[in-house]
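Structure below is upload.pdb: PDB, C-alpha atoms.
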MODEL        1
ATOM      1  CA  MET A 257      26.771  -8.608  10.299
ATOM      2  CA  SER A 258      30.473  -8.735  11.239
ATOM      3  CA  THR A 259      33.219  -9.814   8.829
ATOM      4  CA  THR A 260      36.190 -11.945   9.794
ATOM      5  CA  SER A 261      39.707 -11.320   8.546
ATOM      6  CA  LEU A 262      39.382 -14.498   6.483
ATOM      7  CA  GLN A 263      36.732 -13.154   4.122
ATOM      8  CA  PRO A 264      38.789 -10.533   2.250
ATOM      9  CA  THR A 265      41.363 -13.276   1.505
ATOM     10  CA  ILE A 266      38.726 -15.581   0.049
ATOM     11  CA  ALA A 267      37.223 -12.773  -2.001
ATOM     12  CA  HIS A 268      40.663 -11.967  -3.402
ATOM     13  CA  GLU A 269      41.328 -15.601  -4.302
ATOM     14  CA  LEU A 270      38.049 -16.172  -6.086
ATOM     15  CA  GLY A 271      37.573 -12.771  -7.580
ATOM     16  CA  ALA A 272      34.353 -10.823  -7.225
ATOM     17  CA  ALA A 273      31.348 -13.143  -7.027
ATOM     18  CA  PRO A 274      29.684 -12.958 -10.454
ATOM     19  CA  ASP A 275      26.090 -13.053  -9.287
ATOM     20  CA  VAL A 276      25.986 -11.209  -6.011
ATOM     21  CA  PRO A 277      22.385 -11.222  -5.013
ATOM     22  CA  TRP A 278      20.714  -7.893  -4.505
ATOM     23  CA  GLN A 279      18.169  -6.992  -1.890
ATOM     24  CA  THR A 280      15.140  -4.769  -1.683
ATOM     25  CA  VAL A 281      15.048  -3.137   1.745
ATOM     26  CA  VAL A 282      12.033  -1.388   3.230
ATOM     27  CA  TRP A 283      12.718   1.285   5.843
ATOM     28  CA  ASP A 284      10.561   2.322   8.757
ATOM     29  CA  ASP A 285       9.007   5.727   8.381
ATOM     30  CA  PRO A 286       6.864   7.677  10.829
ATOM     31  CA  VAL A 287       4.066   8.311   8.362
ATOM     32  CA  ASN A 288       2.900   5.042   6.836
ATOM     33  CA  LEU A 289       0.384   3.099   8.868
ATOM     34  CA  MET A 290       1.310  -0.371  10.038
ATOM     35  CA  THR A 291      -1.951  -1.726   8.681
ATOM     36  CA  TYR A 292      -1.211  -0.176   5.303
ATOM     37  CA  VAL A 293       2.347  -1.542   5.118
ATOM     38  CA  THR A 294       1.071  -5.012   6.017
ATOM     39  CA  HIS A 295      -1.570  -4.665   3.297
ATOM     40  CA  VAL A 296       1.081  -3.764   0.706
ATOM     41  CA  PHE A 297       3.281  -6.732   1.648
ATOM     42  CA  ARG A 298       0.283  -9.015   1.469
ATOM     43  CA  THR A 299      -1.145  -7.860  -1.818
ATOM     44  CA  TYR A 300       2.012  -6.994  -3.735
ATOM     45  CA  PHE A 301       4.176  -9.954  -2.714
ATOM     46  CA  GLY A 302       1.267 -12.319  -2.164
ATOM     47  CA  TYR A 303       2.434 -13.165   1.351
ATOM     48  CA  THR A 304       0.021 -14.606   3.891
ATOM     49  CA  ALA A 305      -1.440 -12.181   6.411
ATOM     50  CA  GLU A 306       0.839 -13.629   9.090
ATOM     51  CA  HIS A 307       4.026 -13.346   7.037
ATOM     52  CA  ALA A 308       3.158  -9.829   5.903
ATOM     53  CA  GLU A 309       2.533  -8.733   9.486
ATOM     54  CA  ARG A 310       5.809 -10.291  10.688
ATOM     55  CA  LEU A 311       7.673  -8.477   7.938
ATOM     56  CA  MET A 312       5.988  -5.187   8.791
ATOM     57  CA  LEU A 313       6.881  -5.636  12.468
ATOM     58  CA  ALA A 314      10.493  -6.345  11.505
ATOM     59  CA  VAL A 315      10.569  -3.057   9.584
ATOM     60  CA  HIS A 316       8.974  -1.283  12.506
ATOM     61  CA  HIS A 317      11.134  -2.717  15.287
ATOM     62  CA  ASP A 318      14.470  -3.064  13.482
ATOM     63  CA  GLY A 319      14.153   0.108  11.442
ATOM     64  CA  HIS A 320      14.317  -1.820   8.183
ATOM     65  CA  ALA A 321      13.872  -5.299   6.726
ATOM     66  CA  VAL A 322      14.886  -7.163   3.582
ATOM     67  CA  VAL A 323      11.693  -7.903   1.692
ATOM     68  CA  ALA A 324      13.181  -9.558  -1.387
ATOM     69  CA  THR A 325      16.464 -10.973  -2.669
ATOM     70  CA  GLY A 326      17.598 -11.716  -6.187
ATOM     71  CA  ALA A 327      18.726 -10.169  -9.436
ATOM     72  CA  ARG A 328      19.202  -6.434  -9.501
ATOM     73  CA  GLU A 329      16.566  -5.887 -12.193
ATOM     74  CA  GLN A 330      14.010  -7.753 -10.126
ATOM     75  CA  MET A 331      14.883  -5.683  -7.049
ATOM     76  CA  GLU A 332      14.417  -2.484  -9.078
ATOM     77  CA  LEU A 333      11.019  -3.714 -10.185
ATOM     78  CA  HIS A 334       9.989  -4.378  -6.585
ATOM     79  CA  THR A 335      11.384  -1.038  -5.417
ATOM     80  CA  HIS A 336       9.500   0.851  -8.112
ATOM     81  CA  ALA A 337       6.298  -0.952  -7.119
ATOM     82  CA  LEU A 338       6.831  -0.268  -3.418
ATOM     83  CA  HIS A 339       7.481   3.425  -4.154
ATOM     84  CA  ASP A 340       4.192   3.365  -6.034
ATOM     85  CA  TYR A 341       2.535   2.463  -2.739
ATOM     86  CA  GLY A 342       4.454   5.180  -0.883
ATOM     87  CA  LEU A 343       6.825   2.871   0.937
ATOM     88  CA  TRP A 344      10.445   3.884   1.460
ATOM     89  CA  ALA A 345      12.377   1.152  -0.301
ATOM     90  CA  THR A 346      15.999   0.951  -1.375
ATOM     91  CA  ILE A 347      18.267  -1.491  -3.173
ATOM     92  CA  ARG A 348      21.601  -2.843  -2.037
ATOM     93  CA  LYS A 349      23.944  -5.715  -2.669
ATOM     94  CA  ALA A 350      23.391  -8.538  -0.207
ATOM     95  CA  PRO A 351      26.087  -8.211   2.475
ATOM     96  CA  GLN A 352      28.739 -10.888   2.015
TER      97      GLN A 352
ATOM     98  CA  MET B1050     -20.198 -14.252  -7.042
ATOM     99  CA  THR B1051     -20.104 -10.471  -7.012
ATOM    100  CA  ALA B1052     -17.307  -8.368  -5.602
ATOM    101  CA  ARG B1053     -18.176  -6.842  -2.289
ATOM    102  CA  THR B1054     -18.613  -3.089  -2.408
ATOM    103  CA  LEU B1055     -16.813  -1.014   0.167
ATOM    104  CA  VAL B1056     -18.147   2.123   1.755
ATOM    105  CA  ILE B1057     -16.274   5.206   2.856
ATOM    106  CA  PRO B1058     -18.576   7.104   5.185
ATOM    107  CA  LEU B1059     -18.340  10.813   4.498
ATOM    108  CA  SER B1060     -20.515  13.774   5.312
ATOM    109  CA  VAL B1061     -21.090  16.443   2.697
ATOM    110  CA  ILE B1062     -18.603  18.779   4.337
ATOM    111  CA  GLU B1063     -16.038  15.971   4.478
ATOM    112  CA  ARG B1064     -16.508  15.323   0.773
ATOM    113  CA  VAL B1065     -15.889  18.995   0.046
ATOM    114  CA  GLN B1066     -12.784  18.949   2.247
ATOM    115  CA  LEU B1067     -11.427  15.802   0.629
ATOM    116  CA  VAL B1068     -12.004  17.165  -2.865
ATOM    117  CA  ALA B1069     -10.054  20.301  -1.940
ATOM    118  CA  LEU B1070      -7.140  18.261  -0.585
ATOM    119  CA  VAL B1071      -7.015  15.816  -3.486
ATOM    120  CA  GLU B1072      -7.259  18.666  -6.023
ATOM    121  CA  GLN B1073      -4.253  20.353  -4.440
ATOM    122  CA  PHE B1074      -2.442  17.043  -4.399
ATOM    123  CA  ALA B1075      -3.243  16.378  -8.064
ATOM    124  CA  ASP B1076      -1.888  19.825  -8.977
ATOM    125  CA  LEU B1077       1.277  19.161  -6.989
ATOM    126  CA  VAL B1078       2.088  15.828  -8.647
ATOM    127  CA  SER B1079       1.134  17.074 -12.093
ATOM    128  CA  ASP B1080       3.638  19.927 -12.031
ATOM    129  CA  THR B1081       6.910  18.067 -11.933
ATOM    130  CA  ALA B1082       9.199  21.078 -12.252
ATOM    131  CA  ASP B1083      10.134  20.794  -8.584
ATOM    132  CA  ALA B1084      10.187  17.004  -8.465
ATOM    133  CA  SER B1085      13.819  16.853  -7.413
ATOM    134  CA  THR B1086      13.744  19.749  -4.966
ATOM    135  CA  ASP B1087      10.359  19.661  -3.259
ATOM    136  CA  PRO B1088      10.826  17.339  -0.245
ATOM    137  CA  ALA B1089       7.241  16.124  -0.523
ATOM    138  CA  LEU B1090       7.709  15.077  -4.155
ATOM    139  CA  ARG B1091      11.092  13.564  -3.324
ATOM    140  CA  ARG B1092       9.354  11.413  -0.741
ATOM    141  CA  LEU B1093       6.996  10.110  -3.431
ATOM    142  CA  ALA B1094      10.025   8.999  -5.481
ATOM    143  CA  PRO B1095      12.716   8.178  -2.911
ATOM    144  CA  ASP B1096      16.390   7.526  -3.620
ATOM    145  CA  ALA B1097      16.741   3.854  -4.519
ATOM    146  CA  TYR B1098      20.526   3.627  -4.006
ATOM    147  CA  PRO B1099      21.379   5.807  -0.995
ATOM    148  CA  ASP B1100      25.140   5.430  -1.494
ATOM    149  CA  ASP B1101      25.224   5.672  -5.277
ATOM    150  CA  ASP B1102      24.148   8.967  -6.790
ATOM    151  CA  ASP B1103      24.587   7.748 -10.358
ATOM    152  CA  ALA B1104      22.499   4.623  -9.864
ATOM    153  CA  THR B1105      19.879   6.680  -8.036
ATOM    154  CA  ALA B1106      19.766   9.241 -10.834
ATOM    155  CA  GLU B1107      19.350   6.465 -13.395
ATOM    156  CA  PHE B1108      16.562   4.893 -11.354
ATOM    157  CA  HIS B1109      14.834   8.274 -11.021
ATOM    158  CA  ASP B1110      15.047   8.806 -14.758
ATOM    159  CA  LEU B1111      13.238   5.539 -15.283
ATOM    160  CA  THR B1112      10.668   5.766 -12.519
ATOM    161  CA  ARG B1113       9.958   9.257 -11.198
ATOM    162  CA  THR B1114       7.795  10.481 -14.054
ATOM    163  CA  ASP B1115       5.881   7.218 -13.972
ATOM    164  CA  LEU B1116       5.376   7.394 -10.205
ATOM    165  CA  LEU B1117       4.115  10.970 -10.197
ATOM    166  CA  GLY B1118       1.952  10.266 -13.233
ATOM    167  CA  ARG B1119       0.337   7.339 -11.490
ATOM    168  CA  ARG B1120      -0.285   9.521  -8.435
ATOM    169  CA  ALA B1121      -2.050  12.000 -10.703
ATOM    170  CA  ASP B1122      -4.103   9.211 -12.311
ATOM    171  CA  ASP B1123      -5.129   7.758  -8.949
ATOM    172  CA  ALA B1124      -6.045  11.232  -7.687
ATOM    173  CA  GLY B1125      -8.119  11.725 -10.819
ATOM    174  CA  THR B1126     -10.003   8.515 -10.099
ATOM    175  CA  VAL B1127     -10.710   9.610  -6.542
ATOM    176  CA  LEU B1128     -11.894  13.061  -7.658
ATOM    177  CA  ARG B1129     -14.186  11.595 -10.321
ATOM    178  CA  MET B1130     -15.776   9.388  -7.732
ATOM    179  CA  LEU B1131     -16.168  12.220  -5.220
ATOM    180  CA  ARG B1132     -17.868  14.351  -7.868
ATOM    181  CA  ALA B1133     -19.949  11.524  -9.328
ATOM    182  CA  ASP B1134     -23.015  12.251  -7.243
ATOM    183  CA  GLY B1135     -23.494  15.748  -8.552
ATOM    184  CA  PRO B1136     -21.947  19.157  -7.998
ATOM    185  CA  LEU B1137     -20.638  19.762  -4.520
ATOM    186  CA  PRO B1138     -22.347  22.511  -2.548
ATOM    187  CA  ASP B1139     -20.861  25.867  -1.852
ATOM    188  CA  VAL B1140     -19.452  25.615   1.663
ATOM    189  CA  GLU B1141     -20.510  29.195   2.429
ATOM    190  CA  ARG B1142     -24.130  28.281   1.923
ATOM    191  CA  LEU B1143     -24.182  25.050   3.921
ATOM    192  CA  ASP B1144     -25.943  25.047   7.238
ATOM    193  CA  ASP B1145     -24.963  22.558   9.940
ATOM    194  CA  ALA B1146     -27.590  20.055   8.903
ATOM    195  CA  GLY B1147     -26.552  20.256   5.281
ATOM    196  CA  ALA B1148     -22.888  19.935   6.163
ATOM    197  CA  MET B1149     -23.433  16.801   8.230
ATOM    198  CA  THR B1150     -25.684  15.087   5.688
ATOM    199  CA  SER B1151     -24.360  11.647   4.940
ATOM    200  CA  ALA B1152     -22.692  11.360   1.533
ATOM    201  CA  PRO B1153     -20.814   8.063   1.532
ATOM    202  CA  VAL B1154     -18.699   6.842  -1.349
ATOM    203  CA  THR B1155     -19.102   3.257  -2.489
ATOM    204  CA  LEU B1156     -16.247   1.581  -4.280
ATOM    205  CA  ASP B1157     -15.356  -1.823  -5.652
ATOM    206  CA  PRO B1158     -12.053  -3.471  -4.684
ATOM    207  CA  HIS B1159     -10.363  -2.255  -7.874
ATOM    208  CA  GLU B1160     -11.253   1.346  -7.142
ATOM    209  CA  ALA B1161     -10.105   0.835  -3.546
ATOM    210  CA  ASP B1162      -6.504   0.561  -4.732
ATOM    211  CA  ALA B1163      -6.569   4.077  -6.212
ATOM    212  CA  TRP B1164      -8.028   5.379  -2.954
ATOM    213  CA  LEU B1165      -5.476   3.590  -0.774
ATOM    214  CA  ARG B1166      -2.538   4.902  -2.778
ATOM    215  CA  THR B1167      -3.945   8.407  -2.968
ATOM    216  CA  LEU B1168      -4.653   8.598   0.758
ATOM    217  CA  ALA B1169      -1.196   7.192   1.560
ATOM    218  CA  ALA B1170       0.548   9.618  -0.789
ATOM    219  CA  LEU B1171      -1.545  12.538   0.419
ATOM    220  CA  ARG B1172      -0.472  11.736   3.977
ATOM    221  CA  LEU B1173       3.176  11.632   2.932
ATOM    222  CA  VAL B1174       2.873  15.077   1.354
ATOM    223  CA  LEU B1175       1.033  16.541   4.349
ATOM    224  CA  ALA B1176       3.543  15.025   6.761
ATOM    225  CA  SER B1177       6.345  16.633   4.794
ATOM    226  CA  ARG B1178       4.630  20.017   4.851
ATOM    227  CA  LEU B1179       3.897  19.724   8.583
ATOM    228  CA  GLY B1180       7.381  18.468   9.366
ATOM    229  CA  VAL B1181       6.023  15.446  11.244
ATOM    230  CA  ASP B1182       7.945  13.107   8.975
ATOM    231  CA  THR B1183      11.073  14.054  10.887
ATOM    232  CA  ASP B1184       9.732  15.417  14.176
ATOM    233  CA  PRO B1185       6.451  14.093  15.633
ATOM    234  CA  ASP B1186       5.908  17.339  17.546
ATOM    235  CA  ALA B1187       6.661  19.644  14.637
ATOM    236  CA  ALA B1188       3.047  20.383  13.782
ATOM    237  CA  GLY B1189       2.222  22.238  16.983
ATOM    238  CA  ASP B1190      -1.257  23.671  16.543
ATOM    239  CA  ASP B1191      -1.176  23.726  12.766
ATOM    240  CA  PRO B1192      -4.801  23.077  11.765
ATOM    241  CA  ARG B1193      -3.618  20.756   8.997
ATOM    242  CA  LEU B1194      -2.595  18.267  11.667
ATOM    243  CA  PHE B1195      -6.278  17.483  12.086
ATOM    244  CA  LEU B1196      -6.530  16.763   8.364
ATOM    245  CA  TYR B1197      -3.463  14.524   8.540
ATOM    246  CA  GLU B1198      -4.983  12.501  11.375
ATOM    247  CA  TRP B1199      -8.372  12.424   9.651
ATOM    248  CA  LEU B1200      -6.806  10.995   6.487
ATOM    249  CA  GLY B1201      -4.970   8.435   8.614
ATOM    250  CA  ALA B1202      -8.210   7.235  10.161
ATOM    251  CA  MET B1203      -9.822   7.068   6.715
ATOM    252  CA  LEU B1204      -6.932   5.084   5.279
ATOM    253  CA  ASP B1205      -6.899   2.722   8.242
ATOM    254  CA  ALA B1206     -10.619   2.055   7.927
ATOM    255  CA  LEU B1207     -10.338   1.422   4.204
ATOM    256  CA  VAL B1208      -7.356  -0.939   4.566
ATOM    257  CA  THR B1209      -9.273  -2.881   7.192
ATOM    258  CA  ALA B1210     -12.354  -3.081   4.976
ATOM    259  CA  VAL B1211     -10.301  -4.261   1.997
ATOM    260  CA  ALA B1212      -8.461  -6.835   4.104
ATOM    261  CA  ASP B1213     -11.748  -8.327   5.177
ATOM    262  CA  ASP B1214     -12.492  -9.265   1.581
TER     263      ASP B1214
ENDMDL
END
Could you show the structure in this file as structure tokens?
Amino acid sequence: MSTTSLQPTIAHELGAAPDVPWQTVVWDDPVNLMTYVTHVFRTYFGYTAEHAERLMLAVHHDGHAVVATGAREQMELHTHALHDYGLWATIRKAPQ
Amino acid sequence: MTARTLVIPLSVIERVQLVALVEQFADLVSDTADASTDPALRRLAPDAYPDDDDATAEFHDLTRTDLLGRRADDAGTVLRMLRADGPLPDVERLDDAGAMTSAPVTLDPHEADAWLRTLAALRLVLASRLGVDTDPDAAGDDPRLFLYEWLGAMLDALVTAVADD
């Protein structure tokens, strides 16, 4: 996502956003099976089969996908759970 | 309404092979001395904040022991189930017919979760050892590549069976 020269000015005027949302990102890896990743998205997040498959394909084709957004603590919870399933998940601040 | 039971078709020799693999895996995740240096164990507890070593270290402190402990617990469940039908034969004394005798494992959906996570984690460890996590051709003619692919087929079949529920 590109930034315009306007954004740093706005950030400076308003100060750091107090509640920057965080994201849980899942990364493509050459080991985990697509069927397994879809299964994890479906059962852990409760997504429909279709949504879970779309998300898995996004990870696969784009190299990574945001699977959740929200408070940092919540993202850590999700990341811990996804690690428990063997997925490669990381946490980052949502790009502004 | 009863929960559907799932079946993992295994021959006797496959049971013996799987027990050997899962035992090794259970030993690996139970000895956490090398948790931060062994690439296979690092893959089981990846860095959560790739650009922040402090945040990653804090996250590891909170989660790594738990993650490896749960891998050991799941592996224990799988081993108990594989051994539940009596002592496994001595491979040396198995003839072809004995080796190929059907010895399937039945599991309920709750037990399936332990199997799925164990098979997935076992594959991650094997891939790390084989080098195929970074280079698909790294394995060459390493005989463990067959095991890696075998576990993949088993995991795929089980995921499909669970999804049909």
List, as a short mmCIF file (atom, residue, chain, number, x, y, z; two decimals) with C-alpha atoms, keeping the file's coordinate frame, every residue that the PyMOL selection byres ((chain B) within 6 of (chain A)) selects in the file provided.
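Saved file part33.cif follows:
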data_model
loop_
_atom_site.label_atom_id
_atom_site.label_comp_id
_atom_site.auth_asym_id
_atom_site.auth_seq_id
_atom_site.Cartn_x
_atom_site.Cartn_y
_atom_site.Cartn_z
CA ALA B 1097 16.74 3.85 -4.52
CA TYR B 1098 20.53 3.63 -4.01
CA LEU B 1116 5.38 7.39 -10.20
CA ARG B 1166 -2.54 4.90 -2.78
CA ALA B 1170 0.55 9.62 -0.79
CA ASP B 1182 7.94 13.11 8.98
#
Point to revise | Explicit residue set for the PyMOL selection byres ((chain B and resi 1058-1067) around 8), as a PyMOL selection string | key: chain B and resi 1056-1057+1068-1071+1131+1137-1138+1140+1147-1154
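Atom CA of Asp1162 of chain B is found 13.9 Å from atom CA of Leu1128 of chain B.
Atom pair atom CA of Ala1084 of chain B / atom CA of Gly1118 of chain B has a distance of 11.7 Å (rounded to one decimal).
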Check your understanding: Excluding same-chain residues fewer than 5 positions from Ala314 of chain A, what lies within 12 Å of it counting all atoms listed in the file, as an NGL selection string?
Key -> :A and (281-284 or 290 or 293-294 or 307-309 or 319-323)
**Study point:** Distance of atom CA of Val1174 of chain B from atom CA of Ala1089 of chain B, expressed in Å to one decimal place
**Key:** 4.9 Å
